[in-house]
file work.cif (mmCIF, C-alpha atoms)
data_query
loop_
_atom_site.label_atom_id
_atom_site.label_comp_id
_atom_site.auth_asym_id
_atom_site.auth_seq_id
_atom_site.Cartn_x
_atom_site.Cartn_y
_atom_site.Cartn_z
CA MET A 177 67.53 26.92 38.85
CA LYS A 178 69.11 28.83 35.98
CA MET A 179 70.67 32.15 36.94
CA ASN A 180 69.84 35.24 34.90
CA ASP A 181 72.79 36.51 32.84
CA ASP A 182 72.66 39.94 34.48
CA GLN A 183 72.44 38.54 37.99
CA HIS A 184 75.50 38.18 40.22
CA PRO A 185 75.59 34.96 42.31
CA SER A 186 75.86 36.94 45.54
CA GLN A 187 72.66 38.83 44.63
CA ARG A 188 70.61 35.77 43.78
CA ARG A 189 68.07 34.68 46.38
CA THR A 190 67.92 30.99 47.13
CA SER A 191 64.83 28.81 47.13
CA ILE A 192 64.22 25.61 49.04
CA GLY A 193 62.20 23.60 46.58
CA ALA A 194 58.42 23.74 46.78
CA GLN A 195 58.59 25.17 50.30
CA ARG A 196 58.68 28.94 50.19
CA ASN A 197 61.78 30.71 51.43
CA PRO A 198 60.39 33.57 53.58
CA ALA A 199 63.07 36.04 52.47
CA SER A 200 62.52 35.27 48.79
CA GLN A 201 58.76 35.36 49.18
CA GLU A 202 58.89 38.79 50.83
CA ALA A 203 61.28 40.13 48.18
CA ILE A 204 59.02 38.92 45.37
CA LEU A 205 55.84 40.28 46.92
CA GLN A 206 57.53 43.59 47.71
CA ALA A 207 58.78 43.85 44.14
CA ALA A 208 55.31 43.05 42.81
CA THR A 209 53.75 45.68 45.08
CA GLU A 210 56.25 48.34 44.00
CA ILE A 211 55.77 47.62 40.30
CA LEU A 212 52.00 47.82 40.66
CA ALA A 213 52.29 51.14 42.49
CA GLU A 214 54.69 52.59 39.91
CA ARG A 215 53.30 51.23 36.64
CA GLY A 216 49.83 49.88 37.31
CA PRO A 217 48.48 46.42 36.48
CA GLY A 218 48.73 46.95 32.72
CA SER A 219 52.55 46.88 32.84
CA PHE A 220 52.83 44.13 35.44
CA SER A 221 54.83 41.06 34.39
CA ILE A 222 56.62 38.11 35.97
CA GLU A 223 59.80 39.21 34.17
CA ALA A 224 59.72 42.65 35.79
CA VAL A 225 59.08 41.18 39.23
CA ALA A 226 61.90 38.63 38.86
CA LYS A 227 64.38 41.31 37.84
CA ARG A 228 63.50 43.65 40.70
CA ALA A 229 63.38 40.89 43.33
CA LYS A 230 66.63 39.32 42.06
CA ALA A 231 64.80 36.01 41.81
CA GLY A 232 64.62 33.49 39.01
CA LYS A 233 61.39 33.16 37.05
CA PRO A 234 61.26 29.39 37.80
CA THR A 235 61.16 30.21 41.52
CA ILE A 236 58.24 32.59 41.04
CA TYR A 237 56.33 30.13 38.87
CA ARG A 238 56.94 27.34 41.39
CA TRP A 239 55.18 29.35 44.10
CA TRP A 240 52.71 31.31 41.95
CA PRO A 241 51.59 29.25 38.93
CA ASN A 242 50.55 32.31 36.91
CA LYS A 243 50.60 36.10 36.88
CA ALA A 244 47.07 36.36 38.27
CA ALA A 245 48.00 34.34 41.37
CA LEU A 246 50.93 36.68 42.11
CA LEU A 247 48.79 39.74 41.42
CA LEU A 248 46.20 38.51 43.91
CA ASP A 249 48.81 37.90 46.61
CA ALA A 250 50.32 41.35 46.08
CA TYR A 251 46.83 42.84 46.12
CA HIS A 252 45.78 41.02 49.28
CA ARG A 253 48.83 41.99 51.33
CA GLN A 254 47.72 45.64 51.04
CA LYS A 255 44.40 44.91 52.73
CA ASN A 256 43.51 45.86 56.29
CA PRO A 257 44.04 42.63 58.31
CA HIS A 258 41.09 43.60 60.53
CA LEU A 259 38.64 43.85 57.63
CA HIS A 260 36.73 40.85 58.97
CA GLY A 261 36.54 41.96 62.62
CA ASP A 262 33.84 40.32 64.74
CA THR A 263 32.37 42.49 67.50
CA GLY A 264 29.28 40.34 68.01
CA ASP A 265 27.04 42.80 66.13
CA LEU A 266 26.67 41.31 62.65
CA GLN A 267 24.86 44.31 61.16
CA ARG A 268 27.59 46.68 62.30
CA ASP A 269 30.43 44.33 61.37
CA LEU A 270 29.19 43.70 57.82
CA THR A 271 28.46 47.39 57.29
CA ARG A 272 32.02 48.20 58.37
CA PHE A 273 33.35 45.44 56.10
CA LEU A 274 31.50 46.83 53.10
CA MET A 275 32.55 50.42 53.71
CA GLU A 276 36.21 49.53 54.30
CA LEU A 277 36.35 47.25 51.25
CA LEU A 278 35.02 49.96 48.93
CA ALA A 279 37.37 52.50 50.54
CA PHE A 280 40.29 50.12 50.00
CA TRP A 281 39.40 49.81 46.31
CA ARG A 282 39.25 53.60 45.98
CA ARG A 283 42.77 54.24 47.21
CA GLY A 284 46.20 53.31 45.92
CA GLY A 285 45.05 51.65 42.71
CA SER A 286 43.81 48.53 44.52
CA GLY A 287 40.48 48.59 42.71
CA ALA A 288 42.23 48.77 39.33
CA ILE A 289 44.38 45.78 40.26
CA PHE A 290 41.37 43.67 41.21
CA ARG A 291 39.44 44.74 38.10
CA SER A 292 42.39 43.70 35.94
CA VAL A 293 42.40 40.21 37.47
CA ILE A 294 38.64 39.91 36.90
CA ALA A 295 39.07 41.02 33.29
CA GLU A 296 41.90 38.55 32.69
CA ALA A 297 39.84 35.77 34.25
CA GLN A 298 37.21 36.18 31.51
CA THR A 299 39.58 34.89 28.81
CA ASP A 300 42.32 33.01 30.68
CA GLN A 301 41.50 29.74 32.45
CA ALA A 302 44.51 29.93 34.78
CA ALA A 303 43.53 33.43 35.88
CA CYS A 304 39.94 32.25 36.37
CA GLU A 305 41.09 29.40 38.61
CA ALA A 306 43.37 31.71 40.61
CA LEU A 307 40.51 34.16 41.14
CA ALA A 308 38.07 31.39 42.09
CA ALA A 309 40.53 30.01 44.68
CA TYR A 310 41.11 33.48 46.12
CA LEU A 311 37.38 34.19 46.38
CA ALA A 312 36.70 30.83 48.01
CA GLU A 313 39.17 31.75 50.75
CA ARG A 314 37.61 35.21 51.16
CA ARG A 315 34.11 33.71 51.41
CA LYS A 316 35.38 31.40 54.13
CA HIS A 317 36.68 34.33 56.19
CA LEU A 318 33.55 36.44 55.80
CA GLY A 319 31.37 33.37 56.28
CA SER A 320 33.03 32.74 59.65
CA GLN A 321 31.39 35.91 60.98
CA ILE A 322 27.99 34.71 59.84
CA ARG A 323 28.69 31.27 61.32
CA ALA A 324 29.54 32.96 64.64
CA ALA A 325 26.20 34.77 64.47
CA GLN A 326 24.53 31.39 63.96
CA ALA A 327 26.20 30.16 67.13
CA ARG A 328 24.68 33.17 68.93
CA GLU A 329 21.32 32.22 67.36
CA ASP A 330 21.17 35.56 65.52
CA VAL A 331 21.11 33.79 62.14
CA ARG A 332 18.89 30.85 61.20
CA PRO A 333 20.69 27.48 61.51
CA GLY A 334 19.83 26.43 57.96
CA VAL A 335 21.58 29.41 56.34
CA LYS A 336 24.79 28.66 54.42
CA PRO A 337 27.31 31.27 55.66
CA GLU A 338 29.48 31.25 52.51
CA LEU A 339 26.43 31.78 50.29
CA ALA A 340 25.32 34.79 52.35
CA ALA A 341 28.90 36.12 52.23
CA GLU A 342 28.89 35.77 48.44
CA MET A 343 25.72 37.85 48.21
CA LEU A 344 27.39 40.70 50.09
CA SER A 345 30.56 40.38 48.02
CA GLY A 346 28.44 40.45 44.88
CA PHE A 347 27.07 43.86 45.85
CA ALA A 348 30.63 45.11 46.33
CA TRP A 349 31.74 43.66 42.98
CA ILE A 350 28.96 45.45 41.10
CA ARG A 351 30.09 48.71 42.68
CA LEU A 352 33.70 47.98 41.72
CA LEU A 353 32.97 47.03 38.12
CA THR A 354 30.74 50.06 37.55
CA ASN A 355 33.12 52.44 39.34
CA ARG A 356 30.64 53.43 42.05
CA LEU A 357 32.89 53.07 45.08
CA GLU A 358 31.63 56.05 47.04
CA ILE A 359 29.08 54.89 49.60
CA SER A 360 27.59 56.45 52.71
CA GLU A 361 27.31 54.58 55.95
CA GLU A 362 23.52 54.77 55.64
CA GLU A 363 23.55 53.20 52.18
CA ALA A 364 25.99 50.46 53.23
CA ALA A 365 23.88 49.70 56.30
CA GLU A 366 20.73 49.48 54.15
CA ALA A 367 22.38 47.03 51.73
CA VAL A 368 23.51 44.85 54.63
CA LYS A 369 20.08 45.07 56.26
CA ILE A 370 18.36 43.80 53.10
CA ILE A 371 20.63 40.74 53.05
CA LEU A 372 20.37 40.12 56.78
CA ASN A 373 16.58 40.33 56.73
CA GLY A 374 16.64 37.15 54.68
CA ILE A 375 18.87 35.19 57.07
CA ARG A 376 18.10 36.50 60.56
CA ALA A 377 16.65 34.12 63.11
CA ARG A 378 12.95 34.68 63.74
CA ARG A 379 12.30 35.99 67.25
#
call {"tool": "encode", "arguments": {"input": "work.cif", "output": "structure tokens"}}
result
Amino acid sequence: MKMNDDQHPSQRRTSIGAQRNPASQEAILQAATEILAERGPGSFSIEAVAKRAKAGKPTIYRWWPNKAALLLDAYHRQKNPHLHGDTGDLQRDLTRFLMELLAFWRRGGSGAIFRSVIAEAQTDQAACEALAAYLAERRKHLGSQIRAAQAREDVRPGVKPELAAEMLSGFAWIRLLTNRLEISEEEAAEAVKIILNGIRARR
């Protein structure tokens, strides 16, 4: 890996091939998070992250193939790790998920970051693929709650959990893209209820 001209050897972080070095990964993600907080997504660049993290651009591109992929990782690490909590009450859990997701987008510029990735994905194939991969993983996590409800026989066995999860995420996306992130618990519960009425097991 070529060392930057303004980078002292003792400052350079080492990589271990395709396998991520935890210290380097944390430094890069921390640098990305700080730059996003200070400058916003419009001024975000791999060059700026590399300089702040004291990492070579080849190392970043080896682990994150494009700017969108790094943006999504930096965005995701700010999320509440308990966003997909499963209490056994699907209506309550999905209502809480929806409210916390919209609240997360309202604070700290997180919504602007995600909107910028969506916008970039409209004209850049690499960004589109990074976003699609990220959303597939998110659908899997949210779908696991619906799959657990199927195991409890609260949801019909023929329902595809990831498809139902995508419907709920779609509601959230519309709110994000139209800047309508304020939502009451009653409104969130009603949106979830409409979706669940189509997938609940018949008693």
call {"tool": "residues_around", "arguments": {"input": "work.cif", "residues": "His317 (chain A)", "least_positions_apart": "4", "cutoff": "9 Å", "atoms": "only C-alpha atoms", "output": "PyMOL selection string"}}
result
chain A and resi 260+312-313+321+338+341
call {"tool": "resolve_selection", "arguments": {"input": "work.cif", "expression": "the PyMOL selection byres ((chain A and resi 307) around 12)", "output": "PyMOL selection string"}}
result
chain A and resi 242-249+251-252+290-298+300-306+308-314
call {"tool": "atom_distance", "arguments": {"input": "work.cif", "atom1": "CA of Leu278 (chain A)", "atom2": "CA of Glu358 (chain A)"}}
result
7.2 Å
call {"tool": "residues_around", "arguments": {"input": "work.cif", "residues": "region 270-273 of chain A", "least_positions_apart": "6", "cutoff": "10 Å", "atoms": "all atoms listed in the file", "output": "ChimeraX atom specification"}}
result
/A:258-262,279,318,321-322,341,344-345,361-369,372
call {"tool": "closest_residue", "arguments": {"input": "work.cif", "among": "A:Thr235, A:Ser286, A:Ser200, A:Gln267", "to": "Ile370 (chain A)", "atoms": "only C-alpha atoms"}}
result
A:Gln267
call {"tool": "decode", "arguments": {"input": "work.cif", "residues": "region 207-218 of chain A", "atoms": "all heavy atoms", "output": "mmCIF file, in the first residue's frame"}}
result
data_model
loop_
_atom_site.group_PDB
_atom_site.id
_atom_site.type_symbol
_atom_site.label_atom_id
_atom_site.label_comp_id
_atom_site.auth_asym_id
_atom_site.auth_seq_id
_atom_site.Cartn_x
_atom_site.Cartn_y
_atom_site.Cartn_z
ATOM 1 N N ALA A 207 -13.686 8.452 11.789
ATOM 2 C CA ALA A 207 -13.374 9.610 10.956
ATOM 3 C C ALA A 207 -14.559 9.961 10.066
ATOM 4 O O ALA A 207 -14.913 11.140 9.913
ATOM 5 C CB ALA A 207 -12.137 9.330 10.110
ATOM 6 N N ALA A 208 -15.179 8.939 9.479
ATOM 7 C CA ALA A 208 -16.342 9.168 8.613
ATOM 8 C C ALA A 208 -17.485 9.800 9.400
ATOM 9 O O ALA A 208 -18.140 10.743 8.933
ATOM 10 C CB ALA A 208 -16.793 7.850 7.994
ATOM 11 N N THR A 209 -17.717 9.298 10.612
ATOM 12 C CA THR A 209 -18.789 9.826 11.459
ATOM 13 C C THR A 209 -18.529 11.284 11.820
ATOM 14 O O THR A 209 -19.442 12.126 11.788
ATOM 15 C CB THR A 209 -18.915 8.980 12.739
ATOM 16 O OG1 THR A 209 -19.186 7.610 12.382
ATOM 17 C CG2 THR A 209 -20.033 9.491 13.626
ATOM 18 N N GLU A 210 -17.288 11.601 12.167
ATOM 19 C CA GLU A 210 -16.939 12.975 12.539
ATOM 20 C C GLU A 210 -17.098 13.931 11.364
ATOM 21 O O GLU A 210 -17.620 15.042 11.522
ATOM 22 C CB GLU A 210 -15.501 13.015 13.058
ATOM 23 C CG GLU A 210 -15.313 12.321 14.396
ATOM 24 C CD GLU A 210 -13.855 12.199 14.791
ATOM 25 O OE1 GLU A 210 -12.982 12.638 14.001
ATOM 26 O OE2 GLU A 210 -13.571 11.649 15.873
ATOM 27 N N ILE A 211 -16.667 13.521 10.186
ATOM 28 C CA ILE A 211 -16.775 14.371 9.006
ATOM 29 C C ILE A 211 -18.240 14.626 8.653
ATOM 30 O O ILE A 211 -18.630 15.752 8.312
ATOM 31 C CB ILE A 211 -16.017 13.740 7.823
ATOM 32 C CG1 ILE A 211 -14.512 13.811 8.089
ATOM 33 C CG2 ILE A 211 -16.361 14.430 6.515
ATOM 34 C CD1 ILE A 211 -13.674 13.000 7.126
ATOM 35 N N LEU A 212 -19.057 13.599 8.769
ATOM 36 C CA LEU A 212 -20.486 13.765 8.503
ATOM 37 C C LEU A 212 -21.117 14.742 9.489
ATOM 38 O O LEU A 212 -21.938 15.587 9.113
ATOM 39 C CB LEU A 212 -21.194 12.411 8.576
ATOM 40 C CG LEU A 212 -20.989 11.483 7.380
ATOM 41 C CD1 LEU A 212 -21.503 10.090 7.698
ATOM 42 C CD2 LEU A 212 -21.696 12.038 6.147
ATOM 43 N N ALA A 213 -20.723 14.629 10.762
ATOM 44 C CA ALA A 213 -21.276 15.513 11.790
ATOM 45 C C ALA A 213 -20.838 16.961 11.571
ATOM 46 O O ALA A 213 -21.610 17.901 11.781
ATOM 47 C CB ALA A 213 -20.852 15.037 13.176
ATOM 48 N N GLU A 214 -19.595 17.139 11.140
ATOM 49 C CA GLU A 214 -19.042 18.488 10.988
ATOM 50 C C GLU A 214 -19.443 19.165 9.679
ATOM 51 O O GLU A 214 -19.713 20.361 9.647
ATOM 52 C CB GLU A 214 -17.514 18.427 11.062
ATOM 53 C CG GLU A 214 -16.977 18.002 12.421
ATOM 54 C CD GLU A 214 -15.492 17.681 12.378
ATOM 55 O OE1 GLU A 214 -14.854 17.939 11.338
ATOM 56 O OE2 GLU A 214 -14.966 17.175 13.385
ATOM 57 N N ARG A 215 -19.475 18.380 8.591
ATOM 58 C CA ARG A 215 -19.628 18.984 7.262
ATOM 59 C C ARG A 215 -20.892 18.563 6.523
ATOM 60 O O ARG A 215 -21.264 19.199 5.535
ATOM 61 C CB ARG A 215 -18.415 18.634 6.391
ATOM 62 C CG ARG A 215 -17.070 18.915 7.041
ATOM 63 C CD ARG A 215 -15.947 18.483 6.100
ATOM 64 N NE ARG A 215 -14.658 18.421 6.776
ATOM 65 C CZ ARG A 215 -13.549 17.964 6.208
ATOM 66 N NH1 ARG A 215 -13.574 17.544 4.951
ATOM 67 N NH2 ARG A 215 -12.411 17.919 6.892
ATOM 68 N N GLY A 216 -21.517 17.479 6.981
ATOM 69 C CA GLY A 216 -22.691 16.985 6.283
ATOM 70 C C GLY A 216 -22.317 16.095 5.117
ATOM 71 O O GLY A 216 -21.158 16.058 4.685
ATOM 72 N N PRO A 217 -23.296 15.371 4.567
ATOM 73 C CA PRO A 217 -23.002 14.415 3.491
ATOM 74 C C PRO A 217 -22.516 15.063 2.201
ATOM 75 O O PRO A 217 -21.810 14.437 1.417
ATOM 76 C CB PRO A 217 -24.347 13.702 3.277
ATOM 77 C CG PRO A 217 -25.372 14.624 3.847
ATOM 78 C CD PRO A 217 -24.707 15.343 4.964
ATOM 79 N N GLY A 218 -22.844 16.327 1.965
ATOM 80 C CA GLY A 218 -22.443 16.977 0.734
ATOM 81 C C GLY A 218 -20.943 17.154 0.597
ATOM 82 O O GLY A 218 -20.411 17.227 -0.518
#
